[in-house]
Amino acid sequence: MRAFGRLISLLLAGVYFGRVAFAVFQDEAYKSDWQWMNIGEYKCVIEDNHGSFLILSDLGDQSMLSSVNRTDGKILYRRPVPFKAFDLMLVDGGKKMILKVGRGQFELIDTENSFHLGTYVGGFQSSCIPNYSGIRFEGDKLKVLDKITDLEIFHAVLPNEPRTIKYVDTDQVGYLSLLVEHNDFYYYSEYHDGELTNKWSRDESITDIVDFTYVSEVDNNTNMIYSEWNTEGSLNIFRAYIYRVKQNWGRLKHLLVHHKKSPGAILTDILKEDEEETLKQRNLKFGFLKKLIVATKKGKIAAINMENGEKLWAIDTNLSDIIALETAKKESEIFIFTNRGLTLVVDLRNQYEPHIKQKATEFATEKVGRLGSSDDFYLRGSDGSTIMFADNSINDFSSVIVDHTSSSINAYIVENGALHQIWKIETQEDEEIVAFAPRDDAPVSNIGTILGNRTVLYRYLNPNLASYIVGNKKLNLITVNVVDLVTGNIIHSVYENNTLNLDQPINLVFGEHWIIYSYFSHNIVAEQRISVIEMYESLQPNSRVSVGSIVQDALKNDIRPQFVSQSFIFPEVIKEMIISRTKFGITSKAIVLKLENGQITYLPKFLLNARSVEKSKMSATDLQEFMAAPYVSTIPINDNFIITHHRNIVDGNKAKLISIATNLESTSLICSLSHDIFCTKISPSSQFDKLSPSFEKGKLFATIIGLLCVCYFLRPIVDTRKLKSKWLVKENYL
Amino acid sequence: MSQDIPNWATNLCNPNYVHSMQSVSTNTYPLPPGFVKSRGSRANTKAQNADTQSNKENINKLQVQKAWHIALQPAKTIPMNFIISYMSGTSLQIIPIMTALMLLSGPIKSVLQMRSAFSAVLGNNDIHSQVIGAMITYVLFQVVLMGIGLQKLNAMGLIPNTKSDWLAWESPSTYNIKAYAF
C-alpha cells in the first residue's frame with residue numbers, strides 16, 4: 001500500500017509541479033478569510049481631538065475604547081482597557097479621560113494611547129450624554145432649530161422606534177452630525193447647509209457569540225456520489241468496478257447530451273472559470289457553502305455565509321440565556337436551548353426566511369450535549385439532575401454518557417431512555433478539573449505510525465477515552481489523566497512537577513492517539529509549555545495487540561497502551577487550542593492555537609512529536625520517517641502560519657475556536673467566535689486535491705488540440721509512405 | 001582488302017587450343033634451395049586425418065569458448081548496472097524507476113530469448129552438456145542483474161514486503177459500547 005501510495009503521490013507531485021503551499025501566503029490573505037470587526041454596544045460616543053468618534057463599549061469582563069472614522073465608519077483602532085467602565089468623562093482638553101469603573105471609583109486614561117495613568121479621585125460629570133440643545137424631536141424627525149427664533153431650519157429623518165440617540169452635534173445653522181442606534185445598527189448622518197452630505201451605518205448586532213452551529217448547502221451531485229459509494233461498497237470488487245464504469249459512462253453521455261455533442265461547447269464550459277455560476281457550483285461541490293448560525297448574548301440568531309461573511313438573515317428571539325444551538329432533523333431545524341431547556345425551534349426549510357416554529361419542554365438546563373450525529377441530546381439540570389432529550393433512537397446499554405463539572409466526572413448508562421449512574425470520579429479538596437477533552441471523533445485513516453525502517457508502531461485507538469487535567473490550587477500543580485469512559489479506569493496519570501499559574505489558560509486536546517496540553521509554567525523561568533503524550537499498543541514495532549476483525553467488549557478491554565511523552569516551549573501564551581477537522585482524517589492534523597495577542601496560528605501535529613529525540617540520537621533510518629524532525633525544545637512561530645495575517649481579533653471572555661470539515665479533504669474551515677467573528681480556511685497538508693488557480697488549462701487544451709490536428713494531417717502522409725515502401729516505390733520517381 | 005587474322009587471335013577464339021598446348025608440371029621443376037619435400041604419401045593421409053580430428057576438437061573448443069563468452073556477457077554488465085543503480089539514487093523519480101524496471105524486465109527478456117542468443121553454439125551434440133552449463137551460468141547472471149533491479153525497487157520502497165505496506169488493510173478494533181463525553 002505504501003508503494004502504491006508513493007506512486008500516487010508521485011503522480012500528484014507531477015500534476016502539482018511542486019507548488020506546495022504549506023502555509024497561507026499573501027495571495028490568499030483577505031480572500032479566503034473574513035472578519036466581523038465589532039465594537040459592541042456603544043455605551044458612550046464622544047468626539048476626540050482628531051474629529052473621530054471615540055466609543056466606549058463592553059468586552060467581556062472589560063471595556064474597550066474604539067476609534068471610528070467619521071467619514072466612512074471604519075474602525076481606526078480598538079483597544080481593550082483592563083476595567084469594566086460604565087461611564088466616561090473627558091478632561092484636560094480631551095487629552096485624558098476618566099473612566100467610571102464602579103461607584104465612586106475612577107481610572108485615568110490617556111486618550112491618545114489608552115494608557116492607564118492611575119486612579120482618579122474627584123468630581124465626575126459624564127461626557128456621554130448627547131447635547132440635545134438646539135434640536136427637537138417630532139415623531140420620526142429630528143428638527144434643528146434656529147438659535148434665535150427656535151424655528152426649524154432643516155430636519156433629519158430618524159429610524160423607527162426603538163432608537164437611541166448616541167451622538168448629536170449641531171451649529172444650529174446648517175450642520176448636523178447624528179449617530180442613532182436602532183436594533184443594534186448604528187446609523188450616522190451628517191448634514192452641511194441643511195443637506196445630507198454623508199451617511200454610513202455599522203451593524204453591531206452579531207457580537208458576543210454564545211454558541212454556534214452550521215448548516216451545509218445541499219449538493220445533489222455530492223449526495224449522488226455518496227449513494228454510489230454506498231452501492232459500490234455492497235458489491236464485490238468486479239461488480240463494483242463494472243458499476244462505476246457504467247456510472248461514469250452515463251455521466252459522459254449526460255455531458256455530451258447536455259452540450260448537444262458540440263466539443264466547442266464542452267471546451268468553453270471547461271475553460272470558463274471565473275463566472276459566478278461556475279464558482280458557486282465549485283464552492284458547493286467543495287462544501288464551502290455553509291451557513292454559520294450563531295446565537296448572541298442578546299438573543300439574536302443570525303446566519304452568516306461562511307464563504308464571504310455576509311449576513312444572510314437574523315432573528316431576534318429576545319432570549320438572553322441561550323446556552324446551546326443545535327441543528328436537528330437533517331439540518332432542517334435548529335434547536336435553541338436556554339437555561340429553561342429546549343425553548344425554541346427554528347424551521348430552516350425556507351432558507352431565506354426561517355421562522356420560529358414551536359416552543360418546547362421546560363427543564364432548568366445547565367449543559368447540553370449532542371450524542372454523535374443523532375438528534376438525541378443529553379441535558380444536565382442546574383440541580384445536577386440529568387435527562388435524555390431523545391427520539392428514542394439510542395440502543396439501550398450500548399451508550400455511555402460522561403459529563404464533567406469542575407469537581408467531578410459522572411458516567412451514566414442509558415436504560416429505557418433514562419440515565420443510570422455507573423461510575424464517578426471526584427477530585428480532592430483544593431483540586432479542580434481545569435480541562436476536559438474527550439477523544440476527537442474524527443475518522444481514523446491509519447491505525448499505525450510507520451517508522452523509518454518501514455515497520456509499524458500500532459496506535460492505541462480506543463474511541464472511549466477522555467483526558468482531563470486536575471489543577472491543585474494549593475500546590476499550583478497539574479495532573480494529566482487519561483480515563484476509560486466505559487469502565488472509569490484511569491489508565492494514565494502524569495504529574496507535572498513544574499509549578500504553574502492556574503489563572504493562565506490551560507488547554508487540552510485529545511486527537512487520535514495523542515493528547516496535547518498547554519500550560520504556563522512558573523518553574524525556574526516563566527514560560528508557555530506545550531506537551532504531548534502519545535499512546536501506542538506496544539512500543540515494539542510490528543506488534544499488534546488488538547484484533548481488528550472482532551467487536552471488542554468495552555467493559556472487558558484489558559489492553560493497556562504504552563505512553564511516550566515530550567514537552568516543548570512555545571514563545572507565546574496559548575489561549576485556546578483545537579484540532580483541525582477534515583472529512584476523512586487523512587490530512588495531517590493541525591493544532592490551531594489562539595494566542596494571547598489575538599493572533600491565530602497552527603502547528604502541524606508532526607512538529608509536536610512525542611517520539612522526537614535529539615539529532616545525535618537519530619539514525620539514518622529514523623530520519624526517513626515521514627516528517628521526522630529532531631527534538632528542538634522551543635517551537636518557533638512561523639510568520640507564514642499566522643492565519644489571521646495582520647488582522648486584530650478582539651475576544652471577550654472566552655472565544656470559541658472551531659474547525660469544520662469541508663468536502664475537500666485538504667481543507668478545513670477555522671473560525672473564531674467571540675466578540676469578533678473571524679473565519680478562514682487552512683490546508684495543513686497543502687492543497688493536494690485542488691488545482692491551483694495558476695494551472696494553465698487553456699494552454700494544456702491548446703496543446704492537446706494542436707497535437708490532434710498534427711496527427712490528423714500526418715496520418716494519411718505516413719500511411720501512403722508505408723504503402724509505397726512496401727511496394728518499393730521510391731519517393732523520387734512519383 | 002583482306003587482312004590475315006593473326007595466329008594469337010585465332011588461338012584465343014579456339015576453346016580447344018588450350019588442351020593442345022604442351023605444359024610442363026611445376027612438380028618437375030627443381031625445388032627452391034633450402035626447401036625440403038615431405039615424405040611419403042602414407043604419412044600424409046594420416047596427418048590429414050589427424051588434422052580433421054584436431055579441427056573438430058578445435059571447433060568444439062571454440063564453440064565452448066563462444067558459449068562461455070555468451071554466458072559471461074551479462075556478468076560484464078553487472079558492475080556497470082550496479083554503479084548506475086547506485087548512482088541514480090532511490091528518490092522516487094521517473095528515471096530511477098525506469099532504470100530499476102529495465103533492470104527487472106531486461107533479464108526476463110534475455111532468458112526468454114536465450115536460444116537465439118546461444119543459436120551459434122547449439123546443435124553440436126559433442127558440447128551439448130557444456131553449452132547447457134553455460135546457459136545455466138547465463139541465467140544465473142541474469143538473475144543477479146534482476147536482483148540488482150529488485151534491490152533498487154526495494155530501496156525505493158516500491159516492493160510491498162513490510163508490514164507498513166499492508167497497514168491500510170488492517171482495520172481498527174470496534175467496540176460494542178459507544179461513549180459520549182461532554
# chains A, B, ... in the order shown; residues from 1 in each chain; ligands from 1

call {"tool": "residues_around", "arguments": {"residues": "Ser133 of chain A", "least_positions_apart": "4", "cutoff": "10 Å", "atoms": "only C-alpha atoms", "output": "list in words"}}
result
Val144, Leu145, Lys147, Val168, Asp169, Thr170, Asp171 and Gln172 of chain A

call {"tool": "residues_around", "arguments": {"residues": "Arg115 of chain B", "least_positions_apart": "6", "cutoff": "10 Å", "atoms": "only C-alpha atoms", "output": "count of residues only"}}
result
3

call {"tool": "closest_residue", "arguments": {"among": "A:Asp208, A:Asp558, A:Glu366, A:Glu47", "to": "Asp676 of chain A", "atoms": "only C-alpha atoms"}}
result
A:Asp208

call {"tool": "interface_residues", "arguments": {"of": "chain A", "to": "chain B", "cutoff": "9 Å", "atoms": "only C-alpha atoms", "output": "JSON, numbers by chain"}}
result
{"A": [1, 2, 3, 4, 6, 7, 10, 367, 368, 369, 370, 371, 372, 397, 398, 399, 400, 401, 402, 403, 404, 411, 436, 437, 438, 439, 444, 445, 446, 447, 448, 449, 450, 451, 454, 455, 456, 461, 462, 463, 464, 465, 466, 485, 486, 542, 546, 547, 548, 549, 550, 551, 552, 553, 554, 555]}

call {"tool": "write_last_selection", "arguments": {"atoms": "C-alpha atoms", "output": "compact mmCIF listing (two decimals), in the first residue's frame"}}
result
# COMPACT_ATOMS: atom_id res chain seq x y z
CA MET A 1 0.00 0.00 0.00
CA ARG A 2 2.83 2.32 0.82
CA ALA A 3 4.34 1.56 -2.53
CA PHE A 4 1.07 2.31 -4.20
CA ARG A 6 4.10 6.54 -3.09
CA LEU A 7 3.28 6.09 -6.76
CA LEU A 10 4.49 10.77 -7.35
CA LYS A 367 -25.48 21.96 29.94
CA VAL A 368 -26.47 20.39 26.64
CA GLY A 369 -24.62 17.67 24.79
CA ARG A 370 -25.38 16.07 21.48
CA LEU A 371 -24.89 12.33 21.10
CA GLY A 372 -22.78 12.00 18.00
CA PHE A 397 -26.76 -0.50 27.12
CA SER A 398 -24.72 0.49 24.14
CA SER A 399 -24.21 4.13 25.05
CA VAL A 400 -22.39 5.66 27.94
CA ILE A 401 -22.70 9.36 28.66
CA VAL A 402 -19.95 11.06 30.58
CA ASP A 403 -20.34 14.53 31.96
CA HIS A 404 -17.95 16.60 33.98
CA ALA A 411 -20.81 8.47 33.84
CA PHE A 436 -11.52 18.06 29.97
CA ALA A 437 -11.28 16.69 26.44
CA PRO A 438 -12.96 13.58 25.06
CA ARG A 439 -11.16 11.83 22.25
CA VAL A 444 -9.17 7.17 11.65
CA SER A 445 -7.30 6.74 8.40
CA ASN A 446 -4.24 4.92 9.65
CA ILE A 447 -4.04 2.58 12.60
CA GLY A 448 -0.28 2.70 12.91
CA THR A 449 2.67 5.02 12.66
CA ILE A 450 5.14 3.95 10.00
CA LEU A 451 8.73 4.25 11.15
CA ARG A 454 9.09 0.66 7.34
CA THR A 455 7.98 -1.08 10.47
CA VAL A 456 4.79 -0.09 12.23
CA LEU A 461 -7.19 3.78 19.18
CA ASN A 462 -9.81 3.06 21.80
CA PRO A 463 -12.55 5.59 20.99
CA ASN A 464 -13.95 5.54 24.53
CA LEU A 465 -11.29 7.65 26.12
CA ALA A 466 -11.12 11.11 27.56
CA LEU A 485 -15.06 6.28 29.71
CA VAL A 486 -16.80 2.91 29.88
CA ASN A 542 5.20 -4.56 14.22
CA SER A 546 -5.75 -5.55 19.48
CA VAL A 547 -7.67 -7.60 16.95
CA GLY A 548 -9.33 -5.77 14.12
CA SER A 549 -11.84 -8.32 12.96
CA ILE A 550 -13.84 -8.79 16.14
CA VAL A 551 -16.03 -6.47 18.17
CA GLN A 552 -14.28 -5.76 21.45
CA ASP A 553 -16.18 -5.83 24.67
CA ALA A 554 -15.57 -2.32 26.01
CA LEU A 555 -16.23 -3.49 29.56

call {"tool": "select_by_dssp", "arguments": {"residues": "chain B", "states": "alpha helix (DSSP H)", "output": "JSON, numbers by chain"}}
result
{"B": [7, 8, 9, 10, 11, 12, 13, 17, 18, 19, 20, 41, 42, 43, 44, 45, 46, 47, 48, 49, 50, 51, 52, 53, 54, 55, 56, 57, 58, 59, 60, 61, 62, 63, 64, 65, 66, 67, 68, 69, 70, 71, 72, 73, 74, 75, 76, 77, 78, 79, 80, 81, 82, 83, 84, 85, 86, 87, 94, 95, 96, 97, 98, 99, 100, 101, 102, 103, 104, 105, 106, 107, 108, 109, 110, 111, 112, 114, 115, 116, 117, 128, 129, 130, 131, 132, 133, 134, 135, 136, 137, 138, 139, 140, 141, 142, 143, 144, 145, 146, 147, 148, 149, 150, 151, 152, 153, 154, 155, 156]}

call {"tool": "closest_residue", "arguments": {"among": "A:Cys671, A:Val494, A:Ala265, A:Ile637", "to": "Val482 of chain A", "atoms": "only C-alpha atoms"}}
result
A:Val494

call {"tool": "residues_around", "arguments": {"residues": "segment 84-91 of chain B", "least_positions_apart": "2", "cutoff": "9 Å", "atoms": "only C-alpha atoms", "output": "list in words"}}
result
Pro79, Met80, Asn81, Phe82, Gln93, Ile95, Pro96, Ile97, Thr99, Ala100, Leu103, Ile148, Gly149, Lys152, Leu153, Ala155, Met156 and Gly157 of chain B

call {"tool": "select_by_dssp", "arguments": {"residues": "chain B", "states": "strand (DSSP E or B)", "output": "tab-separated table (two decimals) with N, CA and C atoms, in the first residue's frame"}}
result
chain	number	residue	atom	x	y	z
B	174	THR	N	-13.26	-2.47	16.84
B	174	THR	CA	-14.54	-1.80	17.09
B	174	THR	C	-15.01	-2.22	18.49
B	175	TYR	N	-15.76	-1.35	19.10
B	175	TYR	CA	-16.20	-1.61	20.48
B	175	TYR	C	-17.72	-1.68	20.53
B	178	LYS	N	-20.50	2.68	22.93
B	178	LYS	CA	-20.01	3.98	22.48
B	178	LYS	C	-20.20	4.98	23.61
B	179	ALA	N	-19.14	5.70	23.90
B	179	ALA	CA	-19.23	6.69	24.99
B	179	ALA	C	-19.25	8.10	24.40
B	180	TYR	N	-20.08	8.91	25.00
B	180	TYR	CA	-20.13	10.33	24.61
B	180	TYR	C	-19.76	11.14	25.84
B	181	ALA	N	-18.79	12.01	25.68
B	181	ALA	CA	-18.36	12.79	26.84
B	181	ALA	C	-18.54	14.28	26.56

call {"tool": "closest_residue", "arguments": {"among": "A:Ile491, A:Leu235, A:Ala314, A:Ile413", "to": "Asn183 of chain A", "atoms": "only C-alpha atoms"}}
result
A:Ala314

call {"tool": "residues_around", "arguments": {"residues": "Pro107 of chain B", "least_positions_apart": "4", "cutoff": "8 Å", "atoms": "only C-alpha atoms", "output": "list in words"}}
result
Leu103, Val111, Gln142, Val143, Leu145 and Met146 of chain B

call {"tool": "write_last_selection", "arguments": {"atoms": "N, CA and C atoms", "output": "mmCIF file, in the first residue's frame"}}
result
data_model
loop_
_atom_site.group_PDB
_atom_site.id
_atom_site.type_symbol
_atom_site.label_atom_id
_atom_site.label_comp_id
_atom_site.auth_asym_id
_atom_site.auth_seq_id
_atom_site.Cartn_x
_atom_site.Cartn_y
_atom_site.Cartn_z
ATOM 1 N N LEU B 103 16.057 -2.941 -15.370
ATOM 2 C CA LEU B 103 16.893 -3.987 -14.783
ATOM 3 C C LEU B 103 16.070 -5.238 -14.479
ATOM 4 N N VAL B 111 16.390 -14.073 -20.848
ATOM 5 C CA VAL B 111 16.218 -15.506 -20.565
ATOM 6 C C VAL B 111 15.265 -16.117 -21.578
ATOM 7 N N GLN B 142 21.799 -13.413 -15.172
ATOM 8 C CA GLN B 142 20.602 -12.598 -15.405
ATOM 9 C C GLN B 142 19.829 -12.421 -14.101
ATOM 10 N N VAL B 143 19.836 -13.515 -13.317
ATOM 11 C CA VAL B 143 19.150 -13.425 -12.015
ATOM 12 C C VAL B 143 19.848 -12.390 -11.137
ATOM 13 N N LEU B 145 21.451 -9.788 -12.201
ATOM 14 C CA LEU B 145 21.057 -8.475 -12.725
ATOM 15 C C LEU B 145 19.672 -8.082 -12.210
ATOM 16 N N MET B 146 18.801 -9.081 -12.250
ATOM 17 C CA MET B 146 17.445 -8.841 -11.782
ATOM 18 C C MET B 146 17.450 -8.497 -10.303
#

call {"tool": "residues_around", "arguments": {"residues": "Leu595 of chain A", "least_positions_apart": "3", "cutoff": "8 Å", "atoms": "only C-alpha atoms", "output": "JSON, numbers by chain"}}
result
{"A": [572, 573, 574, 575, 576, 598, 599, 600, 601]}

call {"tool": "residues_around", "arguments": {"residues": "Arg581 of chain A", "least_positions_apart": "4", "cutoff": "8 Å", "atoms": "only C-alpha atoms", "output": "list in words"}}
result
Ala442, Gly585, Lys589, Ser659, Ile660, Ala661 and Ser668 of chain A

call {"tool": "atom_distance", "arguments": {"atom1": "atom CA of Trp36 of chain A", "atom2": "atom CA of Val294 of chain A"}}
result
12.7 Å
